[in-house]
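Please read the structure below before turning to the comments.
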Amino acid sequence: MSFRLKAAIIAAFTLSAAAAVTASDMSSASEASLSSVSLPETAALTSAPTAGTKPAVVFAAPQEVAQSLHSGPKAGSNFSTDIESKAETLAALVDAQGAPEDVDGDMKCLAGAVYFESKGETLEGQLAVARVIINRAKSGRFASSLCGVVYQPSQFSFVRGHGMPPINIASDSWREAVAIAQIALDDSWDSQAEGALFFHARRVSPGWGKTKLASIDNHIFYR
């Protein structure tokens, strides 16, 4: 083989090898370029998907849950506030009732009976009187209404011809009587003579064959 032929073969082989290296470098560079472009696109899909693309997990912003506070009683409620749960004494519960408004019907009959039967006595004594009238109305043995119980013949000495004497509605005694009547109706304080249906003044001795429950102030209470 001549010297020129050998030189031509070596030159051709060198050019072929160089071309292969160049092609390999170009392929690597292309892959690297594709990778460097696709990473931002992938990140973009994760953080802000395009229309029609749903991310795997969606984190909702935390929401504050607001619970409404009871600012007042519901319409038609018999309880104006939660005074009953806060009052530690009957006197505090009476004071919390506030000034009496105009009362009529059964409420006036009940408060009037408390006023005339136990005016000037302790609040416990007044409450016991009120509870007797309510117990009678519920018992089925007397009239079914509070006014019916109060005005039943020969039951209460203050009743005059199916009526009451005048009441000093500006007095503290009337304010207490109305408050006690409301407390008794709400059953928000226990009486010392719970379940009593009868009472009489200490100064008399009717000789009733009934179960004695309590002696409070000027009255003795029975079942």
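By convention in this document, the chains of the structure tokens carry letters A, B, ... by their order, each chain's residues are numbered from 1, and ligands are numbered from 1 in the order they are shown.
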
Every residue of region 99-208 of chain A that DSSP places in helix (DSSP H, G or I), as a ChimeraX atom specification:
/A:105-118,123-139,146-150,172-186

Contacts of Asp172 (chain A) within 12 Å, only C-alpha atoms, excl. fewer than 2 positions in-chain, as an MDAnalysis selection string
chainID A and resid 94:95 98:100 115 119:120 167:170 174:179

Using only C-alpha atoms: which of A:Glu101, A:Asn218, A:Phe142, A:Gly112 has the shortest distance to Gly163 (chain A)
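The answer is A:Gly112, which sits nearest to Gly163 (chain A).
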
Given the choices A:Ser157, A:Gln192, A:Gln182, A:Thr89, which gets closest to Leu213 (chain A) if the distance is worked out from only C-alpha atoms?
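Closest candidate: A:Gln192.
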
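Between Asp104 (chain A) and the candidates A:Ala92, A:Cys147, A:Asn135, A:Trp189, the tightest atom-to-atom separation, counting only C-alpha atoms, involves A:Cys147.
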
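For the residues A:Ala137, A:Ser145, A:Ile180, A:Ala193, ranking by smallest atom-to-atom distance to Gln97 (chain A) using only C-alpha atoms places A:Ile180 first.
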
Give me the residues within 9 Å of Arg223 (chain A) as a VMD selection string, counting only C-alpha atoms and dropping any in the same chain fewer than 3 places off.
chain A and resid 193 to 199 210 to 213

Got a sec: who's within 10 Å of Ala181 (chain A), counting only C-alpha atoms, leaving out chain neighbours fewer than 4 positions off, as an MDAnalysis selection string?
chainID A and resid 94 107:115 126:127 129:131 134 175:177 185:187

What does the file look like for those residues with N, CA and C atoms, as a compact mmCIF listing (two decimals), in the first residue's frame?
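What landed in again.txt:
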# COMPACT_ATOMS: atom_id res chain seq x y z
N VAL A 94 -85.32 38.27 92.93
CA VAL A 94 -86.41 39.26 92.97
C VAL A 94 -85.93 40.60 92.44
N MET A 107 -102.00 36.60 86.14
CA MET A 107 -100.82 37.15 86.79
C MET A 107 -101.21 38.13 87.89
N LYS A 108 -102.20 38.95 87.65
CA LYS A 108 -102.65 39.90 88.66
C LYS A 108 -103.32 39.17 89.82
N CYS A 109 -104.08 38.12 89.52
CA CYS A 109 -104.70 37.35 90.60
C CYS A 109 -103.65 36.72 91.49
N LEU A 110 -102.61 36.15 90.88
CA LEU A 110 -101.55 35.50 91.66
C LEU A 110 -100.78 36.51 92.48
N ALA A 111 -100.35 37.61 91.85
CA ALA A 111 -99.60 38.64 92.58
C ALA A 111 -100.46 39.27 93.67
N GLY A 112 -101.76 39.44 93.39
CA GLY A 112 -102.66 40.01 94.39
C GLY A 112 -102.79 39.11 95.60
N ALA A 113 -102.87 37.79 95.39
CA ALA A 113 -102.95 36.86 96.50
C ALA A 113 -101.68 36.89 97.34
N VAL A 114 -100.53 36.97 96.68
CA VAL A 114 -99.26 37.08 97.41
C VAL A 114 -99.23 38.37 98.21
N TYR A 115 -99.69 39.44 97.61
CA TYR A 115 -99.69 40.76 98.24
C TYR A 115 -100.56 40.77 99.50
N GLN A 126 -93.58 34.43 100.97
CA GLN A 126 -94.40 34.88 99.84
C GLN A 126 -94.37 33.85 98.69
N LEU A 127 -93.19 33.29 98.45
CA LEU A 127 -93.08 32.29 97.39
C LEU A 127 -93.90 31.05 97.71
N VAL A 129 -96.68 30.90 99.41
CA VAL A 129 -98.08 31.24 99.15
C VAL A 129 -98.37 31.16 97.65
N ALA A 130 -97.49 31.73 96.84
CA ALA A 130 -97.70 31.70 95.38
C ALA A 130 -97.71 30.28 94.86
N ARG A 131 -96.83 29.44 95.37
CA ARG A 131 -96.77 28.07 94.89
C ARG A 131 -98.02 27.27 95.25
N ILE A 134 -100.58 28.04 92.56
CA ILE A 134 -100.23 27.37 91.30
C ILE A 134 -100.46 25.87 91.41
N ARG A 175 -94.22 45.50 94.24
CA ARG A 175 -93.10 45.10 93.38
C ARG A 175 -92.62 43.70 93.75
N GLU A 176 -92.48 43.43 95.05
CA GLU A 176 -92.05 42.10 95.49
C GLU A 176 -93.08 41.04 95.12
N ALA A 177 -94.36 41.37 95.30
CA ALA A 177 -95.42 40.39 95.00
C ALA A 177 -95.42 40.00 93.53
N LEU A 185 -94.26 31.30 88.81
CA LEU A 185 -94.77 30.81 87.53
C LEU A 185 -93.66 30.18 86.70
N ASP A 186 -92.47 30.77 86.73
CA ASP A 186 -91.33 30.23 85.99
C ASP A 186 -90.74 29.00 86.66
N ASP A 187 -91.12 28.78 87.94
CA ASP A 187 -90.56 27.68 88.73
C ASP A 187 -89.04 27.77 88.76

Write out as a ChimeraX atom specification each polymer residue whose atoms come within 7 Å of His219 (chain A), counting only C-alpha atoms; drop sequence neighbours fewer than 3 positions from it.
/A:199-202,215-216

Distance in Å - CA of Ile133 (chain A) versus CA of Val149 (chain A):
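About the pair CA of Ile133 (chain A) and CA of Val149 (chain A): they are 6.6 Å apart.
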
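Picture a line from CA of Asp106 (chain A) to CA of Gly161 (chain A); it runs 17.5 Å.
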